[in-house]
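Visitor: For reference, this is final_27.csv, and it has CSV, C-alpha atoms and all ligand atoms.
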```csv
chain,number,residue,atom,x,y,z
A,1,MET,CA,-4.3,-104.6,53.7
A,2,ILE,CA,-2.5,-101.5,52.7
A,3,LYS,CA,-4.4,-101.4,49.4
A,4,ARG,CA,-7.7,-101.9,51.2
A,5,THR,CA,-6.9,-99.0,53.6
A,6,PHE,CA,-5.9,-96.8,50.6
A,7,ASP,CA,-9.1,-97.8,48.7
A,8,LEU,CA,-11.2,-96.9,51.7
A,9,PHE,CA,-9.3,-93.6,52.0
A,10,LYS,CA,-9.8,-92.8,48.3
A,11,GLN,CA,-13.5,-93.7,48.6
A,12,GLN,CA,-14.0,-91.4,51.6
A,13,LEU,CA,-12.1,-88.6,49.8
A,14,ASN,CA,-14.2,-88.9,46.6
A,15,SER,CA,-17.3,-89.2,48.6
A,16,ASN,CA,-16.6,-85.9,50.3
A,17,LEU,CA,-15.2,-84.3,47.1
A,18,TYR,CA,-18.4,-85.0,45.1
A,19,LYS,CA,-20.9,-84.3,47.9
A,20,GLY,CA,-23.9,-82.4,46.5
A,21,ASP,CA,-27.5,-82.8,45.6
A,22,ASN,CA,-27.8,-83.4,41.8
A,23,VAL,CA,-28.0,-87.1,42.3
A,24,TYR,CA,-29.0,-89.3,45.3
A,25,CYS,CA,-28.1,-92.8,46.4
A,26,CYS,CA,-31.2,-94.2,48.2
A,27,VAL,CA,-29.1,-97.2,49.5
A,28,CYS,CA,-26.7,-95.2,51.7
A,29,GLU,CA,-28.8,-92.0,51.6
A,30,SER,CA,-26.1,-89.8,50.2
A,31,GLY,CA,-26.3,-86.9,47.7
A,32,PHE,CA,-23.6,-86.1,45.2
A,33,LYS,CA,-22.8,-83.7,42.4
A,34,LYS,CA,-22.8,-86.7,40.0
A,35,PHE,CA,-22.4,-90.5,40.2
A,36,LYS,CA,-19.1,-92.1,39.6
A,37,THR,CA,-19.0,-93.8,36.2
A,38,PHE,CA,-18.2,-97.4,36.0
A,39,GLY,CA,-17.1,-98.8,32.6
A,40,TRP,CA,-18.4,-102.2,31.5
A,41,ARG,CA,-18.0,-103.3,27.9
A,42,GLY,CA,-18.0,-99.8,26.6
A,43,LYS,CA,-21.1,-98.8,28.6
A,44,LYS,CA,-20.7,-96.3,31.4
A,45,LYS,CA,-22.9,-97.0,34.4
A,46,PRO,CA,-23.5,-94.8,37.4
A,47,ARG,CA,-22.1,-96.0,40.7
A,48,CYS,CA,-22.3,-94.5,44.2
A,49,TYR,CA,-19.1,-92.8,45.5
A,50,ASN,CA,-20.0,-93.8,49.0
A,51,CYS,CA,-21.5,-97.3,49.1
A,52,GLY,CA,-20.5,-98.5,45.6
A,53,SER,CA,-24.1,-99.3,44.7
A,54,PHE,CA,-25.0,-100.0,41.0
A,55,GLN,CA,-28.2,-99.1,39.2
A,56,ARG,CA,-29.9,-102.4,40.1
A,57,HIS,CA,-29.1,-102.1,43.8
A,58,ARG,CA,-30.6,-98.6,44.0
A,59,LEU,CA,-33.7,-99.7,42.1
A,60,ILE,CA,-34.4,-102.8,44.2
A,61,TRP,CA,-33.8,-100.9,47.4
A,62,LYS,CA,-36.2,-98.1,46.4
A,63,TYR,CA,-38.7,-100.7,45.4
A,64,LEU,CA,-38.5,-102.7,48.6
A,65,ASN,CA,-38.7,-99.6,50.8
A,66,ASP,CA,-41.3,-97.5,48.9
A,67,LYS,CA,-43.6,-100.3,48.0
A,68,PHE,CA,-43.1,-102.8,50.9
A,69,ASP,CA,-41.7,-100.8,53.7
A,70,ILE,CA,-39.4,-103.8,54.2
A,71,LEU,CA,-37.4,-102.4,57.2
A,72,ASN,CA,-40.5,-102.0,59.3
A,73,ARG,CA,-42.2,-105.3,59.0
A,74,PRO,CA,-41.7,-108.2,61.4
A,75,ILE,CA,-40.9,-110.7,58.7
A,76,LYS,CA,-38.4,-113.5,58.2
A,77,VAL,CA,-36.0,-112.6,55.4
A,78,LEU,CA,-33.6,-114.9,53.6
A,79,HIS,CA,-30.8,-113.2,51.7
A,80,PHE,CA,-28.6,-115.3,49.3
A,81,ALA,CA,-25.2,-114.0,48.3
A,82,PRO,CA,-25.8,-110.9,50.5
A,83,GLU,CA,-24.8,-107.6,48.9
A,84,LYS,CA,-22.6,-105.6,51.4
A,85,LYS,CA,-24.7,-102.5,51.9
A,86,PHE,CA,-27.9,-104.4,52.1
A,87,PHE,CA,-26.3,-106.8,54.6
A,88,GLU,CA,-25.1,-103.9,56.8
A,89,ILE,CA,-28.6,-102.4,56.9
A,90,LEU,CA,-30.6,-105.6,57.3
A,91,SER,CA,-28.3,-107.2,59.8
A,92,LYS,CA,-28.6,-104.2,62.1
A,93,ASN,CA,-32.4,-104.0,61.8
A,94,GLU,CA,-34.2,-105.1,64.9
A,95,VAL,CA,-37.7,-105.5,63.3
A,96,ILE,CA,-37.0,-108.1,60.7
A,97,GLU,CA,-35.6,-111.6,61.4
A,98,TYR,CA,-32.7,-111.7,59.0
A,99,TYR,CA,-30.9,-114.8,57.6
A,100,PRO,CA,-28.0,-114.0,55.3
A,101,CYS,CA,-26.7,-117.1,53.5
A,102,ASP,CA,-24.1,-118.2,51.0
A,103,LEU,CA,-22.3,-121.4,49.8
A,104,TYR,CA,-19.0,-119.7,50.7
A,105,PRO,CA,-19.6,-117.5,53.8
A,106,ASP,CA,-15.9,-117.3,54.5
A,107,SER,CA,-15.3,-115.4,51.3
A,108,PHE,CA,-17.2,-112.4,52.7
A,109,ASN,CA,-15.1,-109.7,54.2
A,110,TYR,CA,-17.9,-107.7,55.8
A,111,PRO,CA,-18.0,-106.5,59.4
A,112,ASN,CA,-20.1,-109.1,61.3
A,113,SER,CA,-19.9,-111.5,58.3
A,114,HIS,CA,-19.8,-114.3,60.8
A,115,LYS,CA,-23.5,-114.0,60.7
A,116,ILE,CA,-23.6,-115.3,57.2
A,117,LEU,CA,-24.9,-118.9,57.2
A,118,LYS,CA,-23.5,-121.6,55.0
A,119,GLY,CA,-26.1,-122.9,52.6
A,120,ASP,CA,-26.4,-124.4,49.1
A,121,ILE,CA,-29.2,-122.8,47.1
A,122,THR,CA,-30.0,-126.2,45.5
A,123,ASP,CA,-30.5,-127.7,49.0
A,124,ILE,CA,-31.5,-124.8,51.3
A,125,PRO,CA,-31.0,-125.7,54.9
A,126,PHE,CA,-34.4,-124.5,56.2
A,127,GLN,CA,-37.8,-126.1,56.6
A,128,SER,CA,-40.5,-125.5,54.0
A,129,ASN,CA,-42.8,-122.5,54.2
A,130,TYR,CA,-40.5,-120.5,56.4
A,131,PHE,CA,-39.6,-117.1,54.8
A,132,ASP,CA,-41.9,-114.1,54.1
A,133,PHE,CA,-39.4,-112.6,51.8
A,134,ILE,CA,-36.3,-113.9,49.9
A,135,LEU,CA,-33.7,-111.7,48.2
A,136,CYS,CA,-31.4,-113.5,45.8
A,137,ASN,CA,-29.9,-111.3,43.1
A,138,HIS,CA,-27.5,-112.2,40.4
A,139,VAL,CA,-27.1,-115.7,41.7
A,140,LEU,CA,-29.1,-118.1,39.4
A,141,GLU,CA,-27.0,-117.4,36.4
A,142,HIS,CA,-24.1,-119.1,38.2
A,143,ILE,CA,-26.0,-122.2,39.2
A,144,PRO,CA,-25.9,-125.2,36.8
A,145,ASP,CA,-29.2,-126.7,38.2
A,146,ASP,CA,-31.2,-123.4,38.4
A,147,LYS,CA,-34.5,-125.3,38.2
A,148,LYS,CA,-33.6,-127.1,41.5
A,149,ALA,CA,-32.5,-123.7,43.0
A,150,MET,CA,-35.8,-122.1,42.0
A,151,SER,CA,-37.8,-124.9,43.4
A,152,GLU,CA,-35.9,-124.7,46.7
A,153,LEU,CA,-36.6,-120.9,46.9
A,154,PHE,CA,-40.2,-121.8,46.3
A,155,ARG,CA,-40.2,-124.5,48.9
A,156,VAL,CA,-38.8,-122.4,51.8
A,157,MET,CA,-41.1,-119.4,51.0
A,158,LYS,CA,-44.3,-119.1,52.9
A,159,SER,CA,-47.5,-119.0,51.1
A,160,GLY,CA,-48.3,-115.3,50.7
A,161,GLY,CA,-44.5,-114.5,50.6
A,162,PHE,CA,-42.5,-113.1,47.8
A,163,GLY,CA,-39.0,-112.9,46.4
A,164,ILE,CA,-36.8,-110.8,44.2
A,165,PHE,CA,-34.5,-112.9,42.0
A,166,GLN,CA,-32.9,-110.5,39.5
A,167,VAL,CA,-30.6,-112.0,36.9
A,168,PRO,CA,-28.9,-110.6,33.8
A,169,ILE,CA,-31.4,-111.0,30.9
A,170,ASP,CA,-30.6,-110.7,27.2
A,171,TYR,CA,-34.0,-109.6,25.8
A,172,SER,CA,-32.9,-110.3,22.3
A,173,ARG,CA,-33.2,-114.0,23.1
A,174,GLU,CA,-36.6,-115.7,23.2
A,175,VAL,CA,-35.1,-118.7,24.9
A,176,THR,CA,-32.4,-119.0,27.5
A,177,TYR,CA,-29.1,-120.0,26.1
A,178,GLU,CA,-27.1,-122.6,28.1
A,179,ASP,CA,-24.7,-125.3,27.3
A,180,PRO,CA,-23.3,-127.4,30.2
A,181,SER,CA,-20.4,-128.6,28.0
A,182,ILE,CA,-18.9,-125.1,28.2
A,183,THR,CA,-16.9,-125.0,31.4
A,184,ASN,CA,-13.8,-123.1,30.4
A,185,PRO,CA,-13.9,-119.6,32.1
A,186,LYS,CA,-12.7,-117.8,28.9
A,187,GLU,CA,-15.4,-119.6,26.8
A,188,ARG,CA,-18.0,-118.9,29.4
A,189,GLU,CA,-17.1,-115.2,29.3
A,190,LYS,CA,-17.5,-115.2,25.6
A,191,GLU,CA,-20.7,-117.2,25.5
A,192,PHE,CA,-22.5,-116.1,28.7
A,193,GLY,CA,-21.0,-112.7,29.4
A,194,GLN,CA,-18.9,-113.6,32.5
A,195,TYR,CA,-16.3,-116.2,33.3
A,196,ASP,CA,-18.5,-117.9,36.0
A,197,HIS,CA,-21.9,-117.6,34.4
A,198,VAL,CA,-23.4,-120.8,33.0
A,199,ARG,CA,-26.2,-119.3,30.8
A,200,TRP,CA,-27.7,-116.2,29.3
A,201,TYR,CA,-31.3,-115.9,30.4
A,202,GLY,CA,-33.8,-114.9,27.7
A,203,LYS,CA,-37.4,-113.7,27.6
A,204,ASP,CA,-38.4,-117.1,29.0
A,205,TYR,CA,-37.0,-116.3,32.5
A,206,GLN,CA,-40.4,-115.6,33.8
A,207,GLU,CA,-41.7,-119.0,32.4
A,208,ARG,CA,-38.8,-120.8,34.1
A,209,LEU,CA,-39.8,-119.3,37.5
A,210,GLU,CA,-43.5,-120.1,36.9
A,211,LYS,CA,-42.7,-123.7,36.1
A,212,VAL,CA,-41.6,-124.3,39.8
A,213,GLY,CA,-44.8,-122.6,41.1
A,214,PHE,CA,-44.1,-118.9,41.4
A,215,GLU,CA,-46.6,-116.3,40.2
A,216,VAL,CA,-44.4,-113.7,38.5
A,217,PHE,CA,-45.2,-110.1,37.9
A,218,LYS,CA,-42.7,-108.1,35.9
A,219,ASP,CA,-42.9,-104.7,37.6
A,220,ASP,CA,-41.9,-101.7,35.5
A,221,PHE,CA,-41.5,-99.8,38.8
A,222,VAL,CA,-38.7,-97.7,37.4
A,223,ASN,CA,-41.0,-96.0,34.9
A,224,THR,CA,-43.3,-94.7,37.6
A,225,PHE,CA,-40.5,-92.1,38.0
A,226,SER,CA,-39.9,-89.3,35.6
A,227,LEU,CA,-36.8,-89.5,33.4
A,228,LYS,CA,-35.4,-86.6,35.5
A,229,ASP,CA,-35.9,-88.6,38.7
A,230,GLN,CA,-34.5,-91.8,37.1
A,231,ASN,CA,-31.3,-89.9,36.4
A,232,ARG,CA,-31.3,-88.4,39.8
A,233,TYR,CA,-31.6,-91.8,41.5
A,234,GLY,CA,-29.2,-93.4,39.0
A,235,PHE,CA,-31.7,-96.1,37.7
A,236,ASP,CA,-31.6,-98.0,34.5
A,237,SER,CA,-34.9,-97.2,32.8
A,238,ALA,CA,-35.0,-100.6,31.1
A,239,GLU,CA,-34.8,-102.7,34.2
A,240,LEU,CA,-37.9,-104.8,35.1
A,241,ILE,CA,-38.3,-106.2,38.6
A,242,TYR,CA,-39.3,-109.8,38.7
A,243,HIS,CA,-41.6,-110.0,41.6
A,244,CYS,CA,-42.1,-113.6,42.4
A,245,LYS,CA,-45.0,-114.6,44.7
A,246,LYS,CA,-46.0,-117.9,46.3
A,247,THR,CA,-49.8,-118.1,46.4
A,248,ALA,CA,-50.2,-121.8,46.6
B,1,ZN,ZN,-24.6,-95.2,48.1
```
Can you present the structure in this file as structure tokens?
Ligand SMILES: [Zn+2]
Guide:
Amino acid sequence: MIKRTFDLFKQQLNSNLYKGDNVYCCVCESGFKKFKTFGWRGKKKPRCYNCGSFQRHRLIWKYLNDKFDILNRPIKVLHFAPEKKFFEILSKNEVIEYYPCDLYPDSFNYPNSHKILKGDITDIPFQSNYFDFILCNHVLEHIPDDKKAMSELFRVMKSGGFGIFQVPIDYSREVTYEDPSITNPKEREKEFGQYDHVRWYGKDYQERLEKVGFEVFKDDFVNTFSLKDQNRYGFDSAELIYHCKKTA
């Protein structure tokens, strides 16, 4: 508790200290002199001083708002493993019908996190053809039976709906690497990049989604921005958005 209070205090202090207009976080709508850098395996990545967003959060948020005006459409939204800032914004929105969901809802320490429903992605507790939009980022790489999870996402989506299911992809691999016999967290970290990941997706990620019925469009949305703006918004210029539609 003391540590949490201290962390919040530090975050607030840094957020004020670095206030400016060189860079801009579109998730919490705050400007800074620069982004905080976050080290990950020798690579420094820009993180928001205020809401803690990463590159991928900012890109998805910009995409959903600029292209789909997601906050102003009366749609049913399913959100698996809800990211904190997205949860805060979406759960307060009165236009959309919002369903945050996770297998372990008690593990979330968000204000109003009682709203998070308990649900297994391989057996989603909703009727078929129910949601207009599904957000499920950085989840599938944790799920042993990802094919079942993908087919469940497809089942509960309405025809004409779409989803964003971002995962870490190793583009040097043609084919996804997985080995269910690797269960030790240390070995998983070595083989799949994180202690609780069960695979490295490769270039065939799109094909795996298509096999359960999705129509997948790899949107290079990030490169519709100049390099200067990509830096200003703190985007990763190599990130493709997998836009998954249900047309059947
Ligand atoms: Zn932010």
Visitor: Counting all atoms listed in the file, which residue out of A:Asn93, A:Ser181, A:Arg188, A:Ile124 sits closest to A:Asn72?
Guide: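 Looking only at the distances to A:Asn72, the closest residue turns out to be A:Asn93.
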Visitor: Which residue out of A:Pro168, A:Gly234, A:Pro100, A:Pro111 has the minimum interatomic distance to ligand ZN 1 (chain B) when all atoms listed in the file are used?
Guide: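 Of A:Pro168, A:Gly234, A:Pro100, A:Pro111, the one nearest ligand ZN 1 (chain B) is A:Gly234, counting all atoms listed in the file.
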Visitor: Using only C-alpha atoms and all ligand atoms, which residues of the polymer chains come no farther than 8 Å from ligand ZN 1 (chain B)? I'd like the answer as a PyMOL selection string.
Guide: chain A and resi 24-30+47-53
Visitor: Find, counting only C-alpha atoms, the residue in A:Asp145, A:Glu152, A:Asp229, A:Asp196 that gets nearest to A:Phe214.
Guide: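 Checking each of A:Asp145, A:Glu152, A:Asp229, A:Asp196 against A:Phe214, counting only C-alpha atoms, the winner is A:Glu152.
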Visitor: Find the spatial neighbours of A:Leu209, counting only C-alpha atoms, within a cut-off of 10 Å - ignore same-chain residues fewer than 4 positions away - and output them as a JSON list (two decimals) with C-alpha atoms, in the coordinates of the input.
Guide:
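Output contents, as saved in around.json:
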```json
[["chain", "number", "residue", "atom", "x", "y", "z"],
["A", 146, "ASP", "CA", -31.20, -123.40, 38.40],
["A", 147, "LYS", "CA", -34.50, -125.30, 38.20],
["A", 150, "MET", "CA", -35.80, -122.10, 42.00],
["A", 151, "SER", "CA", -37.80, -124.90, 43.40],
["A", 154, "PHE", "CA", -40.20, -121.80, 46.30],
["A", 165, "PHE", "CA", -34.50, -112.90, 42.00],
["A", 204, "ASP", "CA", -38.40, -117.10, 29.00],
["A", 205, "TYR", "CA", -37.00, -116.30, 32.50],
["A", 213, "GLY", "CA", -44.80, -122.60, 41.10],
["A", 214, "PHE", "CA", -44.10, -118.90, 41.40],
["A", 215, "GLU", "CA", -46.60, -116.30, 40.20],
["A", 216, "VAL", "CA", -44.40, -113.70, 38.50],
["A", 242, "TYR", "CA", -39.30, -109.80, 38.70],
["A", 244, "CYS", "CA", -42.10, -113.60, 42.40]]
```
Visitor: Ranking A:Phe87, A:Phe221, A:Trp200, A:Phe54 by minimum distance to A:Glu174 and counting only C-alpha atoms, which one comes first?
Guide: A:Trp200
Visitor: If we count all atoms listed in the file, what is near A:Gly20 at a cut-off of 10 Å, once residues fewer than 5 positions away on the same chain are taken out, given as a ChimeraX atom specification?
Guide: /A:15,30-34
Visitor: Find, counting all atoms listed in the file, the residue in A:Tyr110, A:Val167, A:Gly193, A:Ser237 that gets nearest to A:Phe225.
Guide: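 Nearest to A:Phe225: A:Ser237.
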Visitor: Atom CA of A:Arg155 and atom CA of A:Val77 are how many Å apart?
Guide: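 One can read the atom CA of A:Arg155 to atom CA of A:Val77 distance as 14.2 Å.
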Visitor: Using only C-alpha atoms, determine which residues lie at most 8 Å from A:Ile143, disregarding the query and same-chain residues fewer than 3 positions distant; provide the list as a list in words.
Guide: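 Selected residues are Val139, Leu140, Asp146, Ala149, His197 and Val198 of chain A.
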Visitor: If you count only C-alpha atoms, which residues fall within 7 Å of A:Asp102, apart from same-chain ones fewer than 2 positions away, as a ChimeraX atom specification?
Guide: /A:80-81,104-105,116-120
Visitor: From the coordinates I just gave you, please extract stretch 99-125 of chain A so that only N, CA, C and O atoms remain, then output it as an mmCIF file, in the first residue's frame.
Guide:
```cif
data_model
loop_
_atom_site.group_PDB
_atom_site.id
_atom_site.type_symbol
_atom_site.label_atom_id
_atom_site.label_comp_id
_atom_site.auth_asym_id
_atom_site.auth_seq_id
_atom_site.Cartn_x
_atom_site.Cartn_y
_atom_site.Cartn_z
ATOM 1 N N TYR A 99 -18.366 -4.720 -22.143
ATOM 2 C CA TYR A 99 -18.243 -5.964 -21.388
ATOM 3 C C TYR A 99 -16.764 -6.324 -21.198
ATOM 4 O O TYR A 99 -16.179 -7.025 -22.032
ATOM 5 N N PRO A 100 -16.141 -5.827 -20.111
ATOM 6 C CA PRO A 100 -14.763 -6.252 -19.830
ATOM 7 C C PRO A 100 -14.782 -7.657 -19.246
ATOM 8 O O PRO A 100 -15.705 -8.017 -18.504
ATOM 9 N N CYS A 101 -13.800 -8.461 -19.573
ATOM 10 C CA CYS A 101 -13.855 -9.882 -19.218
ATOM 11 C C CYS A 101 -12.448 -10.447 -19.013
ATOM 12 O O CYS A 101 -11.509 -10.062 -19.709
ATOM 13 N N ASP A 102 -12.313 -11.353 -18.055
ATOM 14 C CA ASP A 102 -11.012 -12.002 -17.847
ATOM 15 C C ASP A 102 -11.236 -13.301 -17.075
ATOM 16 O O ASP A 102 -12.210 -13.439 -16.334
ATOM 17 N N LEU A 103 -10.281 -14.217 -17.233
ATOM 18 C CA LEU A 103 -10.382 -15.487 -16.502
ATOM 19 C C LEU A 103 -10.186 -15.256 -14.997
ATOM 20 O O LEU A 103 -10.744 -15.973 -14.173
ATOM 21 N N TYR A 104 -9.398 -14.239 -14.667
ATOM 22 C CA TYR A 104 -9.131 -13.936 -13.254
ATOM 23 C C TYR A 104 -9.496 -12.488 -12.917
ATOM 24 O O TYR A 104 -8.605 -11.658 -12.686
ATOM 25 N N PRO A 105 -10.783 -12.174 -12.871
ATOM 26 C CA PRO A 105 -11.160 -10.767 -12.644
ATOM 27 C C PRO A 105 -10.685 -10.212 -11.302
ATOM 28 O O PRO A 105 -10.453 -9.012 -11.177
ATOM 29 N N ASP A 106 -10.501 -11.105 -10.309
ATOM 30 C CA ASP A 106 -10.077 -10.618 -8.988
ATOM 31 C C ASP A 106 -8.633 -10.115 -8.981
ATOM 32 O O ASP A 106 -8.214 -9.455 -8.037
ATOM 33 N N SER A 107 -7.888 -10.454 -10.028
ATOM 34 C CA SER A 107 -6.490 -10.021 -10.052
ATOM 35 C C SER A 107 -6.343 -8.562 -10.501
ATOM 36 O O SER A 107 -5.255 -8.011 -10.468
ATOM 37 N N PHE A 108 -7.461 -7.951 -10.917
ATOM 38 C CA PHE A 108 -7.375 -6.564 -11.383
ATOM 39 C C PHE A 108 -7.618 -5.599 -10.238
ATOM 40 O O PHE A 108 -8.605 -5.719 -9.523
ATOM 41 N N ASN A 109 -6.710 -4.661 -10.105
ATOM 42 C CA ASN A 109 -6.817 -3.706 -9.023
ATOM 43 C C ASN A 109 -7.165 -2.326 -9.592
ATOM 44 O O ASN A 109 -6.464 -1.357 -9.377
ATOM 45 N N TYR A 110 -8.261 -2.286 -10.382
ATOM 46 C CA TYR A 110 -8.668 -1.022 -10.993
ATOM 47 C C TYR A 110 -9.844 -0.461 -10.207
ATOM 48 O O TYR A 110 -10.627 -1.222 -9.637
ATOM 49 N N PRO A 111 -10.022 0.878 -10.248
ATOM 50 C CA PRO A 111 -11.273 1.408 -9.700
ATOM 51 C C PRO A 111 -12.430 0.823 -10.529
ATOM 52 O O PRO A 111 -12.308 0.727 -11.750
ATOM 53 N N ASN A 112 -13.473 0.381 -9.874
ATOM 54 C CA ASN A 112 -14.641 -0.234 -10.551
ATOM 55 C C ASN A 112 -14.347 -1.583 -11.187
ATOM 56 O O ASN A 112 -15.060 -2.006 -12.087
ATOM 57 N N SER A 113 -13.272 -2.240 -10.726
ATOM 58 C CA SER A 113 -12.929 -3.493 -11.405
ATOM 59 C C SER A 113 -13.940 -4.607 -11.123
ATOM 60 O O SER A 113 -13.889 -5.658 -11.740
ATOM 61 N N HIS A 114 -14.890 -4.340 -10.223
ATOM 62 C CA HIS A 114 -15.966 -5.319 -10.009
ATOM 63 C C HIS A 114 -16.779 -5.525 -11.292
ATOM 64 O O HIS A 114 -17.489 -6.504 -11.441
ATOM 65 N N LYS A 115 -16.641 -4.585 -12.208
ATOM 66 C CA LYS A 115 -17.394 -4.706 -13.465
ATOM 67 C C LYS A 115 -16.793 -5.770 -14.393
ATOM 68 O O LYS A 115 -17.386 -6.132 -15.392
ATOM 69 N N ILE A 116 -15.580 -6.221 -14.074
ATOM 70 C CA ILE A 116 -14.945 -7.205 -14.954
ATOM 71 C C ILE A 116 -15.581 -8.582 -14.746
ATOM 72 O O ILE A 116 -15.657 -9.088 -13.630
ATOM 73 N N LEU A 117 -16.062 -9.148 -15.827
ATOM 74 C CA LEU A 117 -16.759 -10.433 -15.768
ATOM 75 C C LEU A 117 -15.768 -11.577 -15.830
ATOM 76 O O LEU A 117 -14.719 -11.453 -16.458
ATOM 77 N N LYS A 118 -16.128 -12.683 -15.207
ATOM 78 C CA LYS A 118 -15.261 -13.861 -15.275
ATOM 79 C C LYS A 118 -15.585 -14.634 -16.554
ATOM 80 O O LYS A 118 -16.748 -14.964 -16.804
ATOM 81 N N GLY A 119 -14.573 -14.913 -17.347
ATOM 82 C CA GLY A 119 -14.835 -15.646 -18.576
ATOM 83 C C GLY A 119 -13.581 -16.272 -19.141
ATOM 84 O O GLY A 119 -12.511 -15.668 -19.127
ATOM 85 N N ASP A 120 -13.735 -17.498 -19.614
ATOM 86 C CA ASP A 120 -12.630 -18.236 -20.225
ATOM 87 C C ASP A 120 -12.686 -17.992 -21.733
ATOM 88 O O ASP A 120 -13.728 -18.227 -22.364
ATOM 89 N N ILE A 121 -11.592 -17.561 -22.293
ATOM 90 C CA ILE A 121 -11.589 -17.228 -23.730
ATOM 91 C C ILE A 121 -11.801 -18.464 -24.613
ATOM 92 O O ILE A 121 -12.214 -18.338 -25.766
ATOM 93 N N THR A 122 -11.562 -19.641 -24.063
ATOM 94 C CA THR A 122 -11.808 -20.846 -24.869
ATOM 95 C C THR A 122 -13.244 -21.358 -24.692
ATOM 96 O O THR A 122 -13.614 -22.391 -25.251
ATOM 97 N N ASP A 123 -14.028 -20.625 -23.912
ATOM 98 C CA ASP A 123 -15.436 -20.996 -23.695
ATOM 99 C C ASP A 123 -16.170 -19.715 -23.277
ATOM 100 O O ASP A 123 -16.611 -19.588 -22.136
ATOM 101 N N ILE A 124 -16.273 -18.778 -24.189
ATOM 102 C CA ILE A 124 -16.742 -17.417 -23.845
ATOM 103 C C ILE A 124 -18.220 -17.456 -23.433
ATOM 104 O O ILE A 124 -19.061 -17.984 -24.166
ATOM 105 N N PRO A 125 -18.515 -16.918 -22.229
ATOM 106 C CA PRO A 125 -19.872 -17.048 -21.690
ATOM 107 C C PRO A 125 -20.885 -16.081 -22.313
ATOM 108 O O PRO A 125 -21.573 -15.341 -21.609
#
```
